[in-house]
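As provided, protein-v1.cif (mmCIF, N, CA and C atoms) reads as follows.
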```cif
data_my_file
loop_
_atom_site.label_atom_id
_atom_site.label_comp_id
_atom_site.auth_asym_id
_atom_site.auth_seq_id
_atom_site.Cartn_x
_atom_site.Cartn_y
_atom_site.Cartn_z
N MET A 1 -71.37 67.29 -26.56
CA MET A 1 -72.70 67.81 -26.83
C MET A 1 -73.29 68.27 -25.51
N ARG A 2 -74.02 69.37 -25.56
CA ARG A 2 -74.64 69.95 -24.38
C ARG A 2 -76.12 70.15 -24.63
N ALA A 3 -76.88 70.06 -23.54
CA ALA A 3 -78.30 70.37 -23.62
C ALA A 3 -78.74 71.00 -22.31
N VAL A 4 -79.60 71.98 -22.41
CA VAL A 4 -80.29 72.53 -21.25
C VAL A 4 -81.70 71.98 -21.34
N VAL A 5 -82.07 71.19 -20.34
CA VAL A 5 -83.35 70.49 -20.36
C VAL A 5 -84.22 71.01 -19.22
N SER A 6 -85.43 71.41 -19.57
CA SER A 6 -86.38 71.92 -18.58
C SER A 6 -87.64 71.06 -18.59
N ARG A 7 -88.12 70.79 -17.41
CA ARG A 7 -89.42 70.15 -17.25
C ARG A 7 -90.44 71.26 -17.43
N VAL A 8 -91.37 71.08 -18.37
CA VAL A 8 -92.31 72.16 -18.69
C VAL A 8 -93.76 71.70 -18.62
N ALA A 9 -94.63 72.66 -18.33
CA ALA A 9 -96.07 72.44 -18.44
C ALA A 9 -96.50 72.63 -19.88
N ALA A 10 -95.75 73.50 -20.61
CA ALA A 10 -95.99 73.75 -22.03
C ALA A 10 -94.78 74.49 -22.59
N ALA A 11 -94.52 74.31 -23.89
CA ALA A 11 -93.43 75.03 -24.56
C ALA A 11 -93.76 75.12 -26.05
N ALA A 12 -93.26 76.18 -26.68
CA ALA A 12 -93.52 76.38 -28.10
C ALA A 12 -92.38 77.16 -28.74
N VAL A 13 -92.22 76.95 -30.05
CA VAL A 13 -91.23 77.69 -30.84
C VAL A 13 -91.97 78.37 -31.98
N THR A 14 -91.69 79.65 -32.15
CA THR A 14 -92.31 80.44 -33.21
C THR A 14 -91.22 80.97 -34.13
N VAL A 15 -91.44 80.86 -35.44
CA VAL A 15 -90.53 81.39 -36.45
C VAL A 15 -91.35 82.26 -37.39
N GLU A 16 -90.96 83.51 -37.53
CA GLU A 16 -91.65 84.47 -38.40
C GLU A 16 -93.15 84.50 -38.13
N GLY A 17 -93.52 84.49 -36.85
CA GLY A 17 -94.91 84.62 -36.46
C GLY A 17 -95.72 83.34 -36.49
N ALA A 18 -95.13 82.23 -36.95
CA ALA A 18 -95.86 80.96 -37.02
C ALA A 18 -95.28 79.96 -36.01
N VAL A 19 -96.16 79.28 -35.29
CA VAL A 19 -95.71 78.24 -34.36
C VAL A 19 -95.25 77.05 -35.20
N VAL A 20 -93.99 76.64 -35.00
CA VAL A 20 -93.43 75.52 -35.76
C VAL A 20 -93.28 74.26 -34.91
N GLY A 21 -93.29 74.40 -33.59
CA GLY A 21 -93.18 73.27 -32.69
C GLY A 21 -93.83 73.62 -31.37
N GLU A 22 -94.58 72.66 -30.81
CA GLU A 22 -95.31 72.96 -29.58
C GLU A 22 -95.58 71.66 -28.83
N ILE A 23 -95.47 71.71 -27.50
CA ILE A 23 -95.81 70.56 -26.66
C ILE A 23 -96.57 71.04 -25.43
N GLY A 24 -97.26 70.12 -24.80
CA GLY A 24 -97.85 70.35 -23.49
C GLY A 24 -96.85 69.89 -22.45
N PRO A 25 -97.28 69.24 -21.39
CA PRO A 25 -96.34 68.76 -20.38
C PRO A 25 -95.28 67.84 -21.00
N GLY A 26 -94.02 68.09 -20.66
CA GLY A 26 -92.92 67.29 -21.20
C GLY A 26 -91.60 67.96 -20.94
N LEU A 27 -90.68 67.84 -21.91
CA LEU A 27 -89.34 68.40 -21.78
C LEU A 27 -89.03 69.36 -22.92
N LEU A 28 -88.47 70.51 -22.57
CA LEU A 28 -87.89 71.43 -23.53
C LEU A 28 -86.39 71.20 -23.49
N SER A 29 -85.81 70.86 -24.64
CA SER A 29 -84.38 70.56 -24.71
C SER A 29 -83.70 71.48 -25.70
N LEU A 30 -82.87 72.40 -25.17
CA LEU A 30 -82.05 73.27 -26.01
C LEU A 30 -80.74 72.52 -26.22
N VAL A 31 -80.40 72.22 -27.47
CA VAL A 31 -79.27 71.33 -27.77
C VAL A 31 -78.18 72.09 -28.52
N GLY A 32 -76.96 72.02 -27.97
CA GLY A 32 -75.80 72.63 -28.60
C GLY A 32 -74.80 71.56 -29.01
N VAL A 33 -74.16 71.77 -30.15
CA VAL A 33 -73.21 70.81 -30.70
C VAL A 33 -71.82 71.43 -30.70
N GLY A 34 -70.85 70.66 -30.18
CA GLY A 34 -69.47 71.10 -30.18
C GLY A 34 -68.72 70.55 -31.39
N ARG A 35 -67.55 71.10 -31.64
CA ARG A 35 -66.73 70.73 -32.80
C ARG A 35 -66.35 69.25 -32.83
N ASP A 36 -66.22 68.62 -31.67
CA ASP A 36 -65.77 67.23 -31.61
C ASP A 36 -66.91 66.22 -31.50
N ASP A 37 -68.15 66.68 -31.59
CA ASP A 37 -69.28 65.79 -31.42
C ASP A 37 -69.52 64.94 -32.67
N ASP A 38 -70.18 63.81 -32.46
CA ASP A 38 -70.48 62.89 -33.55
C ASP A 38 -71.84 62.25 -33.32
N ALA A 39 -72.24 61.36 -34.23
CA ALA A 39 -73.56 60.73 -34.16
C ALA A 39 -73.71 59.88 -32.89
N GLN A 40 -72.64 59.26 -32.45
CA GLN A 40 -72.70 58.44 -31.23
C GLN A 40 -73.06 59.32 -30.03
N ARG A 41 -72.44 60.48 -29.93
CA ARG A 41 -72.77 61.40 -28.83
C ARG A 41 -74.20 61.91 -28.95
N ALA A 42 -74.65 62.15 -30.18
CA ALA A 42 -76.03 62.62 -30.39
C ALA A 42 -77.02 61.58 -29.88
N ARG A 43 -76.76 60.31 -30.19
CA ARG A 43 -77.66 59.24 -29.72
C ARG A 43 -77.60 59.12 -28.20
N ALA A 44 -76.40 59.27 -27.62
CA ALA A 44 -76.26 59.22 -26.16
C ALA A 44 -77.02 60.37 -25.50
N MET A 45 -76.98 61.55 -26.12
CA MET A 45 -77.71 62.70 -25.58
C MET A 45 -79.21 62.44 -25.63
N ALA A 46 -79.69 61.90 -26.74
CA ALA A 46 -81.12 61.59 -26.85
C ALA A 46 -81.55 60.62 -25.75
N ARG A 47 -80.75 59.59 -25.54
CA ARG A 47 -81.06 58.61 -24.50
C ARG A 47 -81.10 59.26 -23.13
N LYS A 48 -80.11 60.13 -22.86
CA LYS A 48 -80.05 60.80 -21.56
C LYS A 48 -81.27 61.71 -21.35
N ILE A 49 -81.63 62.47 -22.37
CA ILE A 49 -82.80 63.35 -22.29
C ILE A 49 -84.05 62.52 -22.01
N HIS A 50 -84.23 61.46 -22.76
CA HIS A 50 -85.44 60.64 -22.68
C HIS A 50 -85.56 59.89 -21.36
N GLU A 51 -84.43 59.49 -20.78
CA GLU A 51 -84.45 58.69 -19.56
C GLU A 51 -84.17 59.48 -18.29
N LEU A 52 -84.04 60.79 -18.39
CA LEU A 52 -83.76 61.64 -17.24
C LEU A 52 -84.94 61.58 -16.27
N ARG A 53 -84.69 61.15 -15.05
CA ARG A 53 -85.76 60.94 -14.07
C ARG A 53 -86.01 62.20 -13.26
N ILE A 54 -86.84 63.08 -13.83
CA ILE A 54 -87.12 64.36 -13.16
C ILE A 54 -88.62 64.62 -13.00
N PHE A 55 -89.43 63.60 -13.22
CA PHE A 55 -90.87 63.72 -13.02
C PHE A 55 -91.29 62.88 -11.82
N ALA A 56 -92.29 63.35 -11.11
CA ALA A 56 -92.80 62.59 -9.96
C ALA A 56 -93.64 61.43 -10.46
N GLY A 57 -93.36 60.27 -9.90
CA GLY A 57 -94.15 59.08 -10.21
C GLY A 57 -94.67 58.48 -8.92
N PRO A 58 -95.52 57.50 -9.01
CA PRO A 58 -96.11 56.91 -7.81
C PRO A 58 -95.08 56.27 -6.88
N ASP A 59 -93.97 55.80 -7.44
CA ASP A 59 -92.95 55.13 -6.64
C ASP A 59 -91.61 55.86 -6.68
N GLY A 60 -91.63 57.16 -6.94
CA GLY A 60 -90.39 57.92 -7.01
C GLY A 60 -90.25 58.64 -8.34
N ALA A 61 -89.03 59.06 -8.64
CA ALA A 61 -88.76 59.83 -9.86
C ALA A 61 -88.83 58.94 -11.10
N VAL A 62 -89.47 59.47 -12.15
CA VAL A 62 -89.59 58.76 -13.42
C VAL A 62 -89.20 59.70 -14.57
N SER A 63 -89.07 59.14 -15.76
CA SER A 63 -88.61 59.89 -16.92
C SER A 63 -89.74 60.21 -17.89
N ALA A 64 -89.42 61.05 -18.87
CA ALA A 64 -90.36 61.31 -19.97
C ALA A 64 -90.67 60.00 -20.70
N SER A 65 -89.67 59.14 -20.81
CA SER A 65 -89.86 57.83 -21.43
C SER A 65 -90.90 57.02 -20.66
N ASP A 66 -90.76 56.98 -19.35
CA ASP A 66 -91.69 56.22 -18.51
C ASP A 66 -93.13 56.72 -18.65
N LEU A 67 -93.28 58.03 -18.79
CA LEU A 67 -94.61 58.65 -18.81
C LEU A 67 -95.15 58.89 -20.22
N GLY A 68 -94.34 58.62 -21.24
CA GLY A 68 -94.77 58.87 -22.62
C GLY A 68 -94.93 60.35 -22.93
N LEU A 69 -94.10 61.20 -22.31
CA LEU A 69 -94.21 62.65 -22.51
C LEU A 69 -93.39 63.11 -23.72
N PRO A 70 -93.83 64.17 -24.38
CA PRO A 70 -93.13 64.68 -25.56
C PRO A 70 -91.89 65.50 -25.20
N VAL A 71 -91.08 65.72 -26.22
CA VAL A 71 -89.87 66.52 -26.09
C VAL A 71 -89.86 67.55 -27.21
N LEU A 72 -89.59 68.81 -26.86
CA LEU A 72 -89.40 69.87 -27.85
C LEU A 72 -87.90 70.12 -27.93
N VAL A 73 -87.31 69.86 -29.10
CA VAL A 73 -85.87 70.02 -29.31
C VAL A 73 -85.62 71.28 -30.12
N VAL A 74 -84.76 72.16 -29.57
CA VAL A 74 -84.41 73.41 -30.23
C VAL A 74 -82.89 73.51 -30.29
N SER A 75 -82.35 73.69 -31.48
CA SER A 75 -80.89 73.83 -31.61
C SER A 75 -80.46 75.17 -31.02
N GLN A 76 -79.32 75.16 -30.33
CA GLN A 76 -78.84 76.39 -29.70
C GLN A 76 -77.32 76.36 -29.58
N PHE A 77 -76.66 76.90 -30.61
CA PHE A 77 -75.19 76.91 -30.62
C PHE A 77 -74.62 77.75 -29.50
N THR A 78 -75.40 78.67 -28.94
CA THR A 78 -74.88 79.55 -27.90
C THR A 78 -74.53 78.82 -26.62
N LEU A 79 -74.92 77.55 -26.50
CA LEU A 79 -74.53 76.76 -25.33
C LEU A 79 -73.02 76.53 -25.30
N TYR A 80 -72.36 76.77 -26.43
CA TYR A 80 -70.90 76.62 -26.49
C TYR A 80 -70.18 77.96 -26.43
N ALA A 81 -70.83 78.99 -25.95
CA ALA A 81 -70.18 80.29 -25.80
C ALA A 81 -69.09 80.21 -24.73
N ASP A 82 -67.96 80.81 -25.03
CA ASP A 82 -66.89 80.94 -24.05
C ASP A 82 -66.92 82.39 -23.57
N THR A 83 -67.24 82.57 -22.30
CA THR A 83 -67.39 83.92 -21.75
C THR A 83 -66.36 84.22 -20.67
N ARG A 84 -65.27 83.45 -20.64
CA ARG A 84 -64.27 83.63 -19.58
C ARG A 84 -63.49 84.93 -19.71
N LYS A 85 -63.34 85.45 -20.92
CA LYS A 85 -62.56 86.67 -21.11
C LYS A 85 -63.47 87.78 -21.64
N GLY A 86 -63.37 88.92 -21.04
CA GLY A 86 -64.08 90.09 -21.54
C GLY A 86 -65.59 89.95 -21.50
N ARG A 87 -66.24 90.76 -22.34
CA ARG A 87 -67.70 90.80 -22.38
C ARG A 87 -68.28 90.27 -23.67
N ARG A 88 -67.43 89.87 -24.59
CA ARG A 88 -67.90 89.38 -25.87
C ARG A 88 -67.69 87.86 -25.95
N PRO A 89 -68.78 87.10 -26.08
CA PRO A 89 -68.62 85.64 -26.14
C PRO A 89 -67.84 85.20 -27.37
N SER A 90 -67.08 84.13 -27.21
CA SER A 90 -66.40 83.48 -28.32
C SER A 90 -67.20 82.24 -28.67
N TRP A 91 -67.33 81.95 -29.95
CA TRP A 91 -68.10 80.79 -30.41
C TRP A 91 -67.18 79.71 -30.97
N GLN A 92 -65.89 79.77 -30.69
CA GLN A 92 -64.92 78.87 -31.32
C GLN A 92 -65.16 77.40 -31.02
N ASP A 93 -65.80 77.07 -29.92
CA ASP A 93 -66.03 75.67 -29.57
C ASP A 93 -67.33 75.11 -30.16
N ALA A 94 -68.18 75.99 -30.70
CA ALA A 94 -69.43 75.53 -31.31
C ALA A 94 -69.15 74.95 -32.69
N ALA A 95 -69.84 73.87 -33.00
CA ALA A 95 -69.68 73.26 -34.32
C ALA A 95 -70.29 74.17 -35.39
N PRO A 96 -69.68 74.21 -36.58
CA PRO A 96 -70.29 74.97 -37.67
C PRO A 96 -71.61 74.32 -38.08
N GLY A 97 -72.48 75.09 -38.68
CA GLY A 97 -73.82 74.62 -39.04
C GLY A 97 -73.85 73.33 -39.82
N GLU A 98 -72.93 73.17 -40.76
CA GLU A 98 -72.95 71.97 -41.60
C GLU A 98 -72.63 70.69 -40.81
N LEU A 99 -71.96 70.83 -39.67
CA LEU A 99 -71.71 69.69 -38.77
C LEU A 99 -72.83 69.58 -37.73
N ALA A 100 -73.28 70.72 -37.21
CA ALA A 100 -74.25 70.72 -36.12
C ALA A 100 -75.64 70.26 -36.55
N GLU A 101 -76.10 70.72 -37.70
CA GLU A 101 -77.48 70.42 -38.10
C GLU A 101 -77.76 68.91 -38.18
N PRO A 102 -76.92 68.10 -38.85
CA PRO A 102 -77.23 66.67 -38.88
C PRO A 102 -77.15 66.01 -37.50
N LEU A 103 -76.36 66.56 -36.59
CA LEU A 103 -76.27 65.97 -35.25
C LEU A 103 -77.49 66.32 -34.40
N VAL A 104 -78.02 67.52 -34.55
CA VAL A 104 -79.28 67.86 -33.88
C VAL A 104 -80.39 66.97 -34.46
N GLU A 105 -80.37 66.78 -35.77
CA GLU A 105 -81.36 65.90 -36.40
C GLU A 105 -81.22 64.46 -35.89
N GLU A 106 -79.99 64.03 -35.60
CA GLU A 106 -79.78 62.69 -35.07
C GLU A 106 -80.35 62.56 -33.66
N VAL A 107 -80.24 63.62 -32.84
CA VAL A 107 -80.87 63.61 -31.52
C VAL A 107 -82.37 63.40 -31.69
N VAL A 108 -82.98 64.16 -32.58
CA VAL A 108 -84.42 64.06 -32.83
C VAL A 108 -84.77 62.66 -33.33
N ALA A 109 -84.00 62.15 -34.28
CA ALA A 109 -84.27 60.83 -34.85
C ALA A 109 -84.17 59.74 -33.79
N GLU A 110 -83.16 59.83 -32.93
CA GLU A 110 -83.00 58.82 -31.88
C GLU A 110 -84.14 58.89 -30.87
N LEU A 111 -84.57 60.09 -30.51
CA LEU A 111 -85.72 60.22 -29.61
C LEU A 111 -86.94 59.54 -30.24
N ARG A 112 -87.14 59.77 -31.52
CA ARG A 112 -88.29 59.16 -32.21
C ARG A 112 -88.14 57.64 -32.30
N ARG A 113 -86.92 57.15 -32.54
CA ARG A 113 -86.70 55.70 -32.55
C ARG A 113 -87.03 55.08 -31.20
N ARG A 114 -86.83 55.86 -30.15
CA ARG A 114 -87.11 55.41 -28.79
C ARG A 114 -88.60 55.52 -28.46
N GLY A 115 -89.41 56.04 -29.38
CA GLY A 115 -90.84 56.12 -29.18
C GLY A 115 -91.35 57.47 -28.70
N ALA A 116 -90.48 58.45 -28.60
CA ALA A 116 -90.89 59.78 -28.12
C ALA A 116 -91.61 60.56 -29.21
N THR A 117 -92.59 61.33 -28.80
CA THR A 117 -93.19 62.34 -29.67
C THR A 117 -92.27 63.55 -29.58
N VAL A 118 -91.80 64.04 -30.74
CA VAL A 118 -90.82 65.12 -30.75
C VAL A 118 -91.31 66.25 -31.64
N ALA A 119 -91.26 67.46 -31.09
CA ALA A 119 -91.49 68.68 -31.85
C ALA A 119 -90.14 69.39 -31.95
N THR A 120 -89.97 70.24 -32.94
CA THR A 120 -88.67 70.90 -33.14
C THR A 120 -88.85 72.36 -33.52
N GLY A 121 -87.74 73.07 -33.38
CA GLY A 121 -87.63 74.40 -33.95
C GLY A 121 -87.13 74.26 -35.37
N VAL A 122 -86.58 75.34 -35.93
CA VAL A 122 -86.02 75.34 -37.28
C VAL A 122 -84.55 75.69 -37.17
N PHE A 123 -83.68 74.78 -37.57
CA PHE A 123 -82.24 74.98 -37.44
C PHE A 123 -81.82 76.27 -38.14
N GLY A 124 -81.06 77.08 -37.43
CA GLY A 124 -80.50 78.30 -37.99
C GLY A 124 -81.45 79.48 -38.08
N ALA A 125 -82.72 79.27 -37.77
CA ALA A 125 -83.70 80.35 -37.84
C ALA A 125 -83.64 81.21 -36.58
N SER A 126 -84.13 82.42 -36.71
CA SER A 126 -84.34 83.26 -35.53
C SER A 126 -85.66 82.79 -34.91
N MET A 127 -85.56 82.19 -33.73
CA MET A 127 -86.73 81.57 -33.10
C MET A 127 -87.11 82.29 -31.82
N ARG A 128 -88.38 82.26 -31.53
CA ARG A 128 -88.89 82.70 -30.23
C ARG A 128 -89.35 81.45 -29.50
N VAL A 129 -88.72 81.20 -28.37
CA VAL A 129 -89.03 80.01 -27.59
C VAL A 129 -89.75 80.45 -26.32
N SER A 130 -90.91 79.89 -26.11
CA SER A 130 -91.65 80.19 -24.88
C SER A 130 -91.83 78.89 -24.10
N SER A 131 -91.81 79.02 -22.79
CA SER A 131 -92.02 77.83 -21.97
C SER A 131 -92.60 78.23 -20.62
N VAL A 132 -93.34 77.30 -20.07
CA VAL A 132 -93.84 77.42 -18.71
C VAL A 132 -93.10 76.34 -17.93
N ASN A 133 -92.08 76.77 -17.19
CA ASN A 133 -91.24 75.84 -16.44
C ASN A 133 -92.04 75.23 -15.31
N GLU A 134 -91.88 73.95 -15.13
CA GLU A 134 -92.57 73.22 -14.08
C GLU A 134 -91.56 72.93 -12.97
N GLY A 135 -91.78 73.49 -11.82
CA GLY A 135 -90.89 73.23 -10.68
C GLY A 135 -90.34 74.49 -10.04
N PRO A 136 -89.47 75.24 -10.65
CA PRO A 136 -88.80 74.98 -11.93
C PRO A 136 -87.74 73.89 -11.79
N MET A 137 -87.56 73.17 -12.88
CA MET A 137 -86.56 72.11 -12.95
C MET A 137 -85.82 72.27 -14.28
N THR A 138 -84.58 72.73 -14.22
CA THR A 138 -83.76 72.93 -15.42
C THR A 138 -82.36 72.39 -15.13
N LEU A 139 -81.87 71.54 -16.04
CA LEU A 139 -80.58 70.88 -15.86
C LEU A 139 -79.70 71.07 -17.08
N LEU A 140 -78.39 71.11 -16.86
CA LEU A 140 -77.40 71.13 -17.93
C LEU A 140 -76.88 69.71 -18.10
N LEU A 141 -77.03 69.15 -19.30
CA LEU A 141 -76.54 67.80 -19.59
C LEU A 141 -75.35 67.91 -20.54
N GLU A 142 -74.38 67.04 -20.34
CA GLU A 142 -73.25 66.95 -21.26
C GLU A 142 -72.91 65.49 -21.51
N VAL A 143 -72.60 65.16 -22.74
CA VAL A 143 -72.13 63.82 -23.08
C VAL A 143 -70.89 63.94 -23.94
#
```
Using the file provided, produce a representation of the structure as structure tokens.
Amino acid sequence: MRAVVSRVAAAAVTVEGAVVGEIGPGLLSLVGVGRDDDAQRARAMARKIHELRIFAGPDGAVSASDLGLPVLVVSQFTLYADTRKGRRPSWQDAAPGELAEPLVEEVVAELRRRGATVATGVFGASMRVSSVNEGPMTLLLEV
């Protein structure tokens, strides 16, 4: 499982002109699911996102968990694009929707079980994602 996580001042997802998910200061997490991923990896990814120490605290770096900050989770199968050959990406390593959707939902569910406020996009929809990167701080996570 892969995620691109950005520390943001604000982020939002719009589908068909309507805002479906929105946060203020927190984390924007674009989550991609691979063919071999499972619920255990989804829970591990949620834990990693929530505990990632990329915010300034009084005694050093702290996490969204430490600060009670929200997370906006957006599914993004394109994180599994293979671009090593030619100019056309291959999607062969991305999980099909019927496998990926419940695993993205498991990431969201685990974040909520951990006490996080979570906003989401709409799986499989054409989404417009806007964000105001803070720092900027953007990391690629893999579990």
With region 67-79 of chain A as the partner and 8 Å as the cut-off, tabulate the residues of region 4-48 of chain A that qualify, each row holding the nearest pair of atoms and their distance in Å to one decimal, using all atoms listed in the file, sorted by chain and rising number, as JSON lines.
```
{"residue": "A:Val4", "atom": "N", "partner": "A:Leu79", "partner_atom": "CA", "distance": 7.6}
{"residue": "A:Ala11", "atom": "C", "partner": "A:Leu72", "partner_atom": "CA", "distance": 7.1}
{"residue": "A:Ala12", "atom": "N", "partner": "A:Leu72", "partner_atom": "CA", "distance": 7.5}
{"residue": "A:Val13", "atom": "N", "partner": "A:Leu72", "partner_atom": "CA", "distance": 7.9}
{"residue": "A:Gly21", "atom": "C", "partner": "A:Leu72", "partner_atom": "CA", "distance": 6.8}
{"residue": "A:Glu22", "atom": "C", "partner": "A:Leu72", "partner_atom": "CA", "distance": 6.5}
{"residue": "A:Ile23", "atom": "N", "partner": "A:Leu72", "partner_atom": "CA", "distance": 6.4}
{"residue": "A:Gly24", "atom": "C", "partner": "A:Pro70", "partner_atom": "N", "distance": 6.8}
{"residue": "A:Pro25", "atom": "C", "partner": "A:Pro70", "partner_atom": "N", "distance": 5.2}
{"residue": "A:Gly26", "atom": "CA", "partner": "A:Pro70", "partner_atom": "C", "distance": 4.5}
{"residue": "A:Leu27", "atom": "C", "partner": "A:Leu72", "partner_atom": "N", "distance": 4.0}
{"residue": "A:Leu28", "atom": "CA", "partner": "A:Leu72", "partner_atom": "N", "distance": 4.6}
{"residue": "A:Ser29", "atom": "N", "partner": "A:Leu72", "partner_atom": "C", "distance": 4.0}
{"residue": "A:Leu30", "atom": "CA", "partner": "A:Val74", "partner_atom": "C", "distance": 4.4}
{"residue": "A:Val31", "atom": "C", "partner": "A:Gln76", "partner_atom": "N", "distance": 3.7}
{"residue": "A:Gly32", "atom": "CA", "partner": "A:Gln76", "partner_atom": "C", "distance": 4.1}
{"residue": "A:Val33", "atom": "N", "partner": "A:Phe77", "partner_atom": "CA", "distance": 5.3}
{"residue": "A:Gly34", "atom": "N", "partner": "A:Phe77", "partner_atom": "CA", "distance": 7.6}
```
Please save N, CA and C atoms of the selected residues as a PDB file, in the frame of the given file.
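So the final result, stored in selection-v2.pdb, reads:
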```pdb
ATOM      1  N   VAL A   4     -79.600  71.980 -22.410  1.00  0.00           N
ATOM      2  CA  VAL A   4     -80.290  72.530 -21.250  1.00  0.00           C
ATOM      3  C   VAL A   4     -81.700  71.980 -21.340  1.00  0.00           C
ATOM      4  N   ALA A  11     -94.520  74.310 -23.890  1.00  0.00           N
ATOM      5  CA  ALA A  11     -93.430  75.030 -24.560  1.00  0.00           C
ATOM      6  C   ALA A  11     -93.760  75.120 -26.050  1.00  0.00           C
ATOM      7  N   ALA A  12     -93.260  76.180 -26.680  1.00  0.00           N
ATOM      8  CA  ALA A  12     -93.520  76.380 -28.100  1.00  0.00           C
ATOM      9  C   ALA A  12     -92.380  77.160 -28.740  1.00  0.00           C
ATOM     10  N   VAL A  13     -92.220  76.950 -30.050  1.00  0.00           N
ATOM     11  CA  VAL A  13     -91.230  77.690 -30.840  1.00  0.00           C
ATOM     12  C   VAL A  13     -91.970  78.370 -31.980  1.00  0.00           C
ATOM     13  N   GLY A  21     -93.290  74.400 -33.590  1.00  0.00           N
ATOM     14  CA  GLY A  21     -93.180  73.270 -32.690  1.00  0.00           C
ATOM     15  C   GLY A  21     -93.830  73.620 -31.370  1.00  0.00           C
ATOM     16  N   GLU A  22     -94.580  72.660 -30.810  1.00  0.00           N
ATOM     17  CA  GLU A  22     -95.310  72.960 -29.580  1.00  0.00           C
ATOM     18  C   GLU A  22     -95.580  71.660 -28.830  1.00  0.00           C
ATOM     19  N   ILE A  23     -95.470  71.710 -27.500  1.00  0.00           N
ATOM     20  CA  ILE A  23     -95.810  70.560 -26.660  1.00  0.00           C
ATOM     21  C   ILE A  23     -96.570  71.040 -25.430  1.00  0.00           C
ATOM     22  N   GLY A  24     -97.260  70.120 -24.800  1.00  0.00           N
ATOM     23  CA  GLY A  24     -97.850  70.350 -23.490  1.00  0.00           C
ATOM     24  C   GLY A  24     -96.850  69.890 -22.450  1.00  0.00           C
ATOM     25  N   PRO A  25     -97.280  69.240 -21.390  1.00  0.00           N
ATOM     26  CA  PRO A  25     -96.340  68.760 -20.380  1.00  0.00           C
ATOM     27  C   PRO A  25     -95.280  67.840 -21.000  1.00  0.00           C
ATOM     28  N   GLY A  26     -94.020  68.090 -20.660  1.00  0.00           N
ATOM     29  CA  GLY A  26     -92.920  67.290 -21.200  1.00  0.00           C
ATOM     30  C   GLY A  26     -91.600  67.960 -20.940  1.00  0.00           C
ATOM     31  N   LEU A  27     -90.680  67.840 -21.910  1.00  0.00           N
ATOM     32  CA  LEU A  27     -89.340  68.400 -21.780  1.00  0.00           C
ATOM     33  C   LEU A  27     -89.030  69.360 -22.920  1.00  0.00           C
ATOM     34  N   LEU A  28     -88.470  70.510 -22.570  1.00  0.00           N
ATOM     35  CA  LEU A  28     -87.890  71.430 -23.530  1.00  0.00           C
ATOM     36  C   LEU A  28     -86.390  71.200 -23.490  1.00  0.00           C
ATOM     37  N   SER A  29     -85.810  70.860 -24.640  1.00  0.00           N
ATOM     38  CA  SER A  29     -84.380  70.560 -24.710  1.00  0.00           C
ATOM     39  C   SER A  29     -83.700  71.480 -25.700  1.00  0.00           C
ATOM     40  N   LEU A  30     -82.870  72.400 -25.170  1.00  0.00           N
ATOM     41  CA  LEU A  30     -82.050  73.270 -26.010  1.00  0.00           C
ATOM     42  C   LEU A  30     -80.740  72.520 -26.220  1.00  0.00           C
ATOM     43  N   VAL A  31     -80.400  72.220 -27.470  1.00  0.00           N
ATOM     44  CA  VAL A  31     -79.270  71.330 -27.770  1.00  0.00           C
ATOM     45  C   VAL A  31     -78.180  72.090 -28.520  1.00  0.00           C
ATOM     46  N   GLY A  32     -76.960  72.020 -27.970  1.00  0.00           N
ATOM     47  CA  GLY A  32     -75.800  72.630 -28.600  1.00  0.00           C
ATOM     48  C   GLY A  32     -74.800  71.560 -29.010  1.00  0.00           C
ATOM     49  N   VAL A  33     -74.160  71.770 -30.150  1.00  0.00           N
ATOM     50  CA  VAL A  33     -73.210  70.810 -30.700  1.00  0.00           C
ATOM     51  C   VAL A  33     -71.820  71.430 -30.700  1.00  0.00           C
ATOM     52  N   GLY A  34     -70.850  70.660 -30.180  1.00  0.00           N
ATOM     53  CA  GLY A  34     -69.470  71.100 -30.180  1.00  0.00           C
ATOM     54  C   GLY A  34     -68.720  70.550 -31.390  1.00  0.00           C
TER      55      GLY A  34
END
```
**Report entry** Selection result of the PyMOL selection byres (((chain A and resi 16 and name CA) around 8) and name CA) on this file, as a list in words
**Finding:**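 With the PyMOL selection byres (((chain A and resi 16 and name CA) around 8) and name CA) on this model, the match is Thr14, Val15, Gly17, Ala18, Ser126 and Met127 of chain A.
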Requested in this report: Using the chain letters and numbers from the file, give me the residues hit by the PyMOL selection byres ((chain A and resi 40-49) around 7), as a list in words.
Outcome: Met1, Asp37, Asp38, Ala39, His50, Glu51, Leu52, Ala64, Ser65, Leu103, Val104, Glu106, Val107, Val108, Glu110, Leu111, Glu142 and Val143 of chain A
Report task. Please report, as a VMD selection string, each residue of region 13-69 of chain A to which DSSP assigns alpha helix (DSSP H) when run on this structure's backbone. Result -> chain A and resid 39 to 51 64 to 67
Query raised in the report: Using only C-alpha atoms, which of A:Glu105, A:Ile54, A:Val132, A:Arg2 sits nearest Ala119 (chain A)?
Result: A:Glu105
Requested in this report: Determine which residues of region 20-117 of chain A DSSP labels as strand (DSSP E) from the backbone of this structure, then write them out as JSON, numbers by chain.
Outcome: {"A": [20, 21, 22, 23, 26, 27, 28, 29, 30, 31, 32, 53, 54, 55, 56, 57, 60, 61, 62, 63, 71, 72, 73, 74, 75]}
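Taking atom N of Ala116 (chain A) as the reference point, atom N of Ser63 (chain A) is found at 12.9 Å.
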What's the 9 Å shell around Leu139 (chain A), counting only C-alpha atoms, without same-chain residues fewer than 5 positions away, as a tab-separated table (two decimals) with N, CA and C atoms, in the coordinates of the input?
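Okay, result_29.tsv is ready:
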```
chain	number	residue	atom	x	y	z
A	3	ALA	N	-76.88	70.06	-23.54
A	3	ALA	CA	-78.30	70.37	-23.62
A	3	ALA	C	-78.74	71.00	-22.31
A	4	VAL	N	-79.60	71.98	-22.41
A	4	VAL	CA	-80.29	72.53	-21.25
A	4	VAL	C	-81.70	71.98	-21.34
A	5	VAL	N	-82.07	71.19	-20.34
A	5	VAL	CA	-83.35	70.49	-20.36
A	5	VAL	C	-84.22	71.01	-19.22
A	6	SER	N	-85.43	71.41	-19.57
A	6	SER	CA	-86.38	71.92	-18.58
A	6	SER	C	-87.64	71.06	-18.59
A	7	ARG	N	-88.12	70.79	-17.41
A	7	ARG	CA	-89.42	70.15	-17.25
A	7	ARG	C	-90.44	71.26	-17.43
```
